[in-house]
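**Student:** Contents of query_2.pdb (PDB, C-alpha atoms, pLDDT in the B column) are given next:
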MODEL        1
ATOM      1  CA  MET A 154      63.795  47.219  11.341  1.00 47.00           C
ATOM      2  CA  LYS A 155      63.548  46.465  14.981  1.00 50.00           C
ATOM      3  CA  PRO A 156      64.288  42.935  16.119  1.00 49.00           C
ATOM      4  CA  GLU A 157      60.719  42.438  17.437  1.00 50.00           C
ATOM      5  CA  GLN A 158      59.275  43.026  13.965  1.00 51.00           C
ATOM      6  CA  GLN A 159      61.598  40.706  12.072  1.00 49.00           C
ATOM      7  CA  PRO A 160      60.375  37.232  11.324  1.00 49.00           C
ATOM      8  CA  THR A 161      62.012  34.611  13.430  1.00 49.00           C
ATOM      9  CA  MET A 162      63.804  31.571  12.142  1.00 48.00           C
ATOM     10  CA  ALA A 163      62.577  28.237  13.379  1.00 47.00           C
ATOM     11  CA  THR A 164      63.927  24.816  12.824  1.00 48.00           C
ATOM     12  CA  ASP A 165      61.991  21.618  12.920  1.00 48.00           C
ATOM     13  CA  GLU A 166      62.722  18.978  15.506  1.00 49.00           C
ATOM     14  CA  GLY A 167      65.546  17.546  13.489  1.00 49.00           C
ATOM     15  CA  GLY A 168      67.081  20.995  13.224  1.00 49.00           C
ATOM     16  CA  GLN A 169      67.659  20.566   9.510  1.00 51.00           C
ATOM     17  CA  SER A 170      65.514  22.863   7.422  1.00 49.00           C
ATOM     18  CA  PRO A 171      64.750  26.305   8.722  1.00 49.00           C
ATOM     19  CA  SER A 172      61.259  27.664   8.132  1.00 48.00           C
ATOM     20  CA  ARG A 173      59.908  31.125   8.591  1.00 47.00           C
ATOM     21  CA  GLU A 174      57.015  31.572  10.913  1.00 47.00           C
ATOM     22  CA  SER A 175      54.456  33.970   9.758  1.00 47.00           C
ATOM     23  CA  ALA A 176      54.495  37.310  11.503  1.00 47.00           C
ATOM     24  CA  GLN A 177      50.708  37.521  11.177  1.00 48.00           C
ATOM     25  CA  PRO A 178      48.658  37.000  14.307  1.00 50.00           C
ATOM     26  CA  LYS A 179      46.296  34.031  14.685  1.00 52.00           C
ATOM     27  CA  GLY A 180      42.790  34.485  13.262  1.00 50.00           C
ATOM     28  CA  SER A 181      44.077  35.917  10.022  1.00 50.00           C
ATOM     29  CA  ALA A 182      42.419  35.572   6.589  1.00 52.00           C
ATOM     30  CA  GLN A 183      43.741  32.057   6.116  1.00 56.00           C
ATOM     31  CA  ASP A 184      42.076  30.837   9.298  1.00 58.00           C
ATOM     32  CA  GLY A 185      38.792  32.463   8.192  1.00 62.00           C
ATOM     33  CA  ALA A 186      38.887  30.680   4.821  1.00 74.00           C
ATOM     34  CA  ASP A 187      38.531  27.202   6.356  1.00 87.00           C
ATOM     35  CA  PRO A 188      35.023  27.735   7.766  1.00 85.00           C
ATOM     36  CA  VAL A 189      33.956  29.355   4.491  1.00 87.00           C
ATOM     37  CA  ASN A 190      35.301  26.365   2.547  1.00 90.00           C
ATOM     38  CA  ASP A 191      33.581  24.017   4.984  1.00 90.00           C
ATOM     39  CA  LEU A 192      30.282  25.837   4.555  1.00 90.00           C
ATOM     40  CA  HIS A 193      30.720  25.837   0.787  1.00 91.00           C
ATOM     41  CA  SER A 194      31.371  22.071   0.718  1.00 93.00           C
ATOM     42  CA  LEU A 195      28.368  21.470   3.000  1.00 93.00           C
ATOM     43  CA  TRP A 196      26.221  23.570   0.673  1.00 94.00           C
ATOM     44  CA  GLN A 197      27.424  21.531  -2.325  1.00 94.00           C
ATOM     45  CA  GLN A 198      26.663  18.275  -0.487  1.00 94.00           C
ATOM     46  CA  LEU A 199      23.217  19.568   0.425  1.00 93.00           C
ATOM     47  CA  ASN A 200      22.554  20.520  -3.203  1.00 94.00           C
ATOM     48  CA  LEU A 201      23.711  17.081  -4.359  1.00 93.00           C
ATOM     49  CA  CYS A 202      21.492  15.388  -1.777  1.00 91.00           C
ATOM     50  CA  GLN A 203      18.561  17.558  -2.851  1.00 93.00           C
ATOM     51  CA  GLN A 204      19.095  16.689  -6.520  1.00 94.00           C
ATOM     52  CA  ARG A 205      19.242  12.980  -5.708  1.00 92.00           C
ATOM     53  CA  PHE A 206      16.108  13.235  -3.573  1.00 89.00           C
ATOM     54  CA  LEU A 207      14.222  15.076  -6.315  1.00 92.00           C
ATOM     55  CA  ALA A 208      15.295  12.477  -8.878  1.00 89.00           C
ATOM     56  CA  TRP A 209      14.137   9.696  -6.538  1.00 89.00           C
ATOM     57  CA  ALA A 210      10.830  11.483  -5.893  1.00 87.00           C
ATOM     58  CA  ASP A 211      10.251  11.936  -9.632  1.00 88.00           C
ATOM     59  CA  SER A 212      10.990   8.294 -10.399  1.00 88.00           C
ATOM     60  CA  THR A 213       8.763   7.150  -7.526  1.00 89.00           C
ATOM     61  CA  THR A 214       5.944   9.346  -8.781  1.00 89.00           C
ATOM     62  CA  GLU A 215       6.341   7.940 -12.286  1.00 89.00           C
ATOM     63  CA  LEU A 216       6.341   4.395 -10.908  1.00 91.00           C
ATOM     64  CA  PHE A 217       3.190   5.071  -8.877  1.00 89.00           C
ATOM     65  CA  SER A 218       1.483   6.588 -11.918  1.00 88.00           C
ATOM     66  CA  LEU A 219       2.446   3.615 -14.075  1.00 90.00           C
ATOM     67  CA  GLU A 220       1.247   1.109 -11.481  1.00 91.00           C
ATOM     68  CA  LEU A 221      -2.006   3.044 -11.034  1.00 89.00           C
ATOM     69  CA  LYS A 222      -2.669   3.032 -14.783  1.00 91.00           C
ATOM     70  CA  THR A 223      -1.878  -0.681 -14.977  1.00 91.00           C
ATOM     71  CA  SER A 224      -4.115  -1.440 -11.996  1.00 90.00           C
ATOM     72  CA  LEU A 225      -7.007   0.575 -13.396  1.00 91.00           C
ATOM     73  CA  ALA A 226      -6.740  -1.187 -16.756  1.00 91.00           C
ATOM     74  CA  ALA A 227      -6.654  -4.567 -15.022  1.00 91.00           C
ATOM     75  CA  ILE A 228      -9.668  -3.668 -12.860  1.00 92.00           C
ATOM     76  CA  ARG A 229     -11.647  -2.588 -15.930  1.00 93.00           C
ATOM     77  CA  GLN A 230     -10.872  -5.890 -17.624  1.00 93.00           C
ATOM     78  CA  MET A 231     -11.771  -7.810 -14.468  1.00 92.00           C
ATOM     79  CA  ILE A 232     -15.158  -6.083 -14.272  1.00 94.00           C
ATOM     80  CA  VAL A 233     -15.907  -6.923 -17.899  1.00 93.00           C
ATOM     81  CA  LEU A 234     -14.883 -10.538 -17.319  1.00 92.00           C
ATOM     82  CA  GLN A 235     -17.021 -10.758 -14.157  1.00 91.00           C
ATOM     83  CA  LEU A 236     -20.066  -9.486 -16.048  1.00 93.00           C
ATOM     84  CA  LEU A 237     -19.412 -11.994 -18.803  1.00 93.00           C
ATOM     85  CA  LEU A 238     -18.970 -14.762 -16.248  1.00 92.00           C
ATOM     86  CA  ILE A 239     -22.273 -13.920 -14.555  1.00 93.00           C
ATOM     87  CA  CYS A 240     -24.146 -13.957 -17.859  1.00 93.00           C
ATOM     88  CA  LEU A 241     -22.530 -17.242 -18.877  1.00 93.00           C
ATOM     89  CA  ALA A 242     -23.296 -18.786 -15.478  1.00 93.00           C
ATOM     90  CA  VAL A 243     -26.980 -17.891 -15.850  1.00 93.00           C
ATOM     91  CA  PHE A 244     -27.068 -19.380 -19.359  1.00 95.00           C
ATOM     92  CA  PHE A 245     -25.262 -22.485 -18.108  1.00 95.00           C
ATOM     93  CA  VAL A 246     -27.809 -23.076 -15.346  1.00 94.00           C
ATOM     94  CA  LEU A 247     -30.673 -22.539 -17.805  1.00 94.00           C
ATOM     95  CA  SER A 248     -29.030 -24.968 -20.227  1.00 95.00           C
ATOM     96  CA  LEU A 249     -28.723 -27.603 -17.525  1.00 94.00           C
ATOM     97  CA  CYS A 250     -32.372 -27.185 -16.594  1.00 95.00           C
ATOM     98  CA  ALA A 251     -33.380 -27.340 -20.265  1.00 95.00           C
ATOM     99  CA  GLY A 252     -31.247 -30.488 -20.609  1.00 96.00           C
ATOM    100  CA  VAL A 253     -33.117 -32.082 -17.702  1.00 95.00           C
ATOM    101  CA  GLY A 254     -36.399 -31.172 -19.379  1.00 95.00           C
ATOM    102  CA  LEU A 255     -35.256 -32.713 -22.693  1.00 95.00           C
ATOM    103  CA  VAL A 256     -34.094 -35.914 -21.021  1.00 96.00           C
ATOM    104  CA  VAL A 257     -37.448 -36.239 -19.221  1.00 95.00           C
ATOM    105  CA  TYR A 258     -39.270 -35.608 -22.496  1.00 95.00           C
ATOM    106  CA  HIS A 259     -37.083 -38.178 -24.273  1.00 95.00           C
ATOM    107  CA  PHE A 260     -37.948 -40.918 -21.769  1.00 95.00           C
ATOM    108  CA  THR A 261     -41.637 -40.058 -21.315  1.00 95.00           C
ATOM    109  CA  LEU A 262     -42.477 -38.680 -24.752  1.00 94.00           C
ATOM    110  CA  SER A 263     -44.694 -36.214 -22.945  1.00 94.00           C
ATOM    111  CA  LEU A 264     -44.198 -32.506 -23.493  1.00 94.00           C
ATOM    112  CA  LEU A 265     -45.883 -31.759 -20.174  1.00 95.00           C
ATOM    113  CA  ALA A 266     -43.495 -34.080 -18.283  1.00 95.00           C
ATOM    114  CA  GLY A 267     -40.489 -32.477 -20.032  1.00 94.00           C
ATOM    115  CA  TYR A 268     -41.683 -29.026 -19.049  1.00 95.00           C
ATOM    116  CA  ALA A 269     -42.293 -30.229 -15.477  1.00 95.00           C
ATOM    117  CA  GLY A 270     -38.732 -31.597 -15.350  1.00 95.00           C
ATOM    118  CA  PHE A 271     -37.406 -28.216 -16.520  1.00 95.00           C
ATOM    119  CA  VAL A 272     -39.447 -26.356 -13.860  1.00 95.00           C
ATOM    120  CA  VAL A 273     -38.419 -28.808 -11.106  1.00 96.00           C
ATOM    121  CA  ALA A 274     -34.745 -28.368 -12.057  1.00 95.00           C
ATOM    122  CA  LEU A 275     -35.158 -24.571 -11.925  1.00 95.00           C
ATOM    123  CA  GLY A 276     -36.899 -24.944  -8.552  1.00 95.00           C
ATOM    124  CA  VAL A 277     -33.996 -26.985  -7.186  1.00 95.00           C
ATOM    125  CA  VAL A 278     -31.528 -24.325  -8.360  1.00 93.00           C
ATOM    126  CA  LEU A 279     -33.718 -21.587  -6.849  1.00 92.00           C
ATOM    127  CA  ALA A 280     -34.002 -23.444  -3.519  1.00 95.00           C
ATOM    128  CA  GLY A 281     -30.218 -23.900  -3.454  1.00 92.00           C
ATOM    129  CA  LEU A 282     -29.675 -20.207  -4.087  1.00 90.00           C
ATOM    130  CA  ILE A 283     -32.147 -19.224  -1.353  1.00 93.00           C
ATOM    131  CA  TRP A 284     -30.483 -21.620   1.119  1.00 93.00           C
ATOM    132  CA  GLN A 285     -27.030 -20.243   0.255  1.00 90.00           C
ATOM    133  CA  GLN A 286     -28.310 -16.660   0.612  1.00 89.00           C
ATOM    134  CA  ALA A 287     -29.741 -17.408   4.045  1.00 88.00           C
ATOM    135  CA  ARG A 288     -26.505 -19.092   5.138  1.00 89.00           C
ATOM    136  CA  LEU A 289     -24.446 -16.103   4.009  1.00 86.00           C
ATOM    137  CA  ALA A 290     -26.857 -13.656   5.638  1.00 84.00           C
ATOM    138  CA  SER A 291     -26.365 -15.434   8.958  1.00 82.00           C
ATOM    139  CA  LEU A 292     -22.633 -14.752   8.706  1.00 81.00           C
ATOM    140  CA  VAL A 293     -23.129 -11.020   8.210  1.00 78.00           C
ATOM    141  CA  GLY A 294     -23.348  -8.909  11.330  1.00 77.00           C
ATOM    142  CA  PHE A 295     -21.944  -8.737  14.789  1.00 77.00           C
ATOM    143  CA  ARG A 296     -24.349 -10.969  16.721  1.00 77.00           C
ATOM    144  CA  HIS A 297     -21.633 -12.715  18.682  1.00 77.00           C
ATOM    145  CA  THR A 298     -19.818  -9.473  19.451  1.00 81.00           C
ATOM    146  CA  VAL A 299     -23.039  -7.816  20.606  1.00 80.00           C
ATOM    147  CA  ALA A 300     -23.836 -10.831  22.787  1.00 82.00           C
ATOM    148  CA  GLN A 301     -20.353 -10.742  24.319  1.00 83.00           C
ATOM    149  CA  VAL A 302     -20.611  -6.998  25.001  1.00 83.00           C
ATOM    150  CA  LYS A 303     -23.997  -7.554  26.680  1.00 85.00           C
ATOM    151  CA  GLU A 304     -22.506 -10.295  28.851  1.00 83.00           C
ATOM    152  CA  GLY A 305     -19.618  -8.030  29.791  1.00 82.00           C
ATOM    153  CA  TRP A 306     -21.988  -5.181  30.598  1.00 84.00           C
ATOM    154  CA  ASP A 307     -24.074  -7.482  32.783  1.00 87.00           C
ATOM    155  CA  VAL A 308     -20.954  -8.618  34.685  1.00 81.00           C
ATOM    156  CA  VAL A 309     -19.750  -5.036  35.184  1.00 78.00           C
ATOM    157  CA  SER A 310     -23.165  -3.781  36.223  1.00 85.00           C
ATOM    158  CA  LYS A 311     -23.545  -6.600  38.778  1.00 86.00           C
ATOM    159  CA  GLN A 312     -20.101  -5.905  40.275  1.00 76.00           C
ATOM    160  CA  THR A 313     -20.681  -2.175  40.579  1.00 69.00           C
ATOM    161  CA  PRO A 314     -22.176  -1.355  43.972  1.00 67.00           C
ATOM    162  CA  SER A 315     -25.430   0.475  43.769  1.00 61.00           C
ATOM    163  CA  GLY A 316     -25.648   4.034  45.099  1.00 56.00           C
ATOM    164  CA  ASP A 317     -28.182   3.218  47.874  1.00 52.00           C
TER     165      ASP A 317
ENDMDL
END
Would you write the structure of this file as structure tokens?
**Tutor:**
Amino acid sequence: MKPEQQPTMATDEGGQSPSRESAQPKGSAQDGADPVNDLHSLWQQLNLCQQRFLAWADSTTELFSLELKTSLAAIRQMIVLQLLLICLAVFFVLSLCAGVGLVVYHFTLSLLAGYAGFVVALGVVLAGLIWQQARLASLVGFRHTVAQVKEGWDVVSKQTPSGD
């Protein structure tokens, strides 16, 4: 063997243990394995992240489905209770009016006066409902907004010089 081809002996800084340097040039198979291992570990991390994300997405979908089913069941029950409440409210008002009629009949001993008391009580309830409906109807709409926009338009149109 020629001396250029023989591996050289190297000592570490302390000069104690000799080690052989590899005769292979840089960029050999060992250097190429590191990027492959890095890519492989990145791929494994990506797969793990994907599995965790899919598990989270599945559990979130199940939670949404469960909450939707619970909400729909609660809404159905609320609708039934609202219908029941409306019917009971109507019967309650009629009972109060009938009670007024009976009290009037009891004190006057006149069937006509008792019936008149019942009708007057229903009239008072009806007038109250009409007044409440009118008050609520006045709150619906954009009257104030429309008035403010008109005022703004008037101000802008007065400030804009005419094209004369």
**Student:** Between atom CA of Val253 of chain A and atom CA of Gly270 of chain A, what is the distance in Å, rounded to a tenth?
**Tutor:**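 Between atom CA of Val253 of chain A and atom CA of Gly270 of chain A the gap is 6.1 Å.
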**Student:** State, in Å with one decimal place, the distance from atom CA of Val272 of chain A to atom CA of Ala251 of chain A.
**Tutor:**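 Computing the Euclidean distance for atom CA of Val272 of chain A and atom CA of Ala251 of chain A yields 8.9 Å.
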**Student:** Could you list the residues chosen by the PyMOL selection byres ((chain A and resi 273-276) around 10) in this structure as a compact mmCIF listing (two decimals) with C-alpha atoms, in the frame of the given file?
**Tutor:**
# COMPACT_ATOMS: atom_id res chain seq x y z
CA VAL A 246 -27.81 -23.08 -15.35
CA LEU A 247 -30.67 -22.54 -17.80
CA LEU A 249 -28.72 -27.60 -17.52
CA CYS A 250 -32.37 -27.18 -16.59
CA ALA A 251 -33.38 -27.34 -20.26
CA GLY A 252 -31.25 -30.49 -20.61
CA VAL A 253 -33.12 -32.08 -17.70
CA GLY A 254 -36.40 -31.17 -19.38
CA GLY A 267 -40.49 -32.48 -20.03
CA TYR A 268 -41.68 -29.03 -19.05
CA ALA A 269 -42.29 -30.23 -15.48
CA GLY A 270 -38.73 -31.60 -15.35
CA PHE A 271 -37.41 -28.22 -16.52
CA VAL A 272 -39.45 -26.36 -13.86
CA VAL A 277 -34.00 -26.98 -7.19
CA VAL A 278 -31.53 -24.32 -8.36
CA LEU A 279 -33.72 -21.59 -6.85
CA ALA A 280 -34.00 -23.44 -3.52
CA GLY A 281 -30.22 -23.90 -3.45
CA LEU A 282 -29.68 -20.21 -4.09
**Student:** For atom CA of Ala290 of chain A and atom CA of Ile232 of chain A, determine how far apart the two atoms are, in Å to one decimal place.
**Tutor:**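 Atom-to-atom, atom CA of Ala290 of chain A to atom CA of Ile232 of chain A, that is 24.3 Å.
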**Student:** Can you report as lines of an AutoDock Vina configuration file the centre and edge lengths in Å, to one decimal, of an axis-aligned box around the listed atoms of segment 264-275 of chain A padded with 3 Å on each side?
**Tutor:**
center_x = -40.3
center_y = -29.3
center_z = -17.3
size_x = 17.1
size_y = 15.5
size_z = 18.4
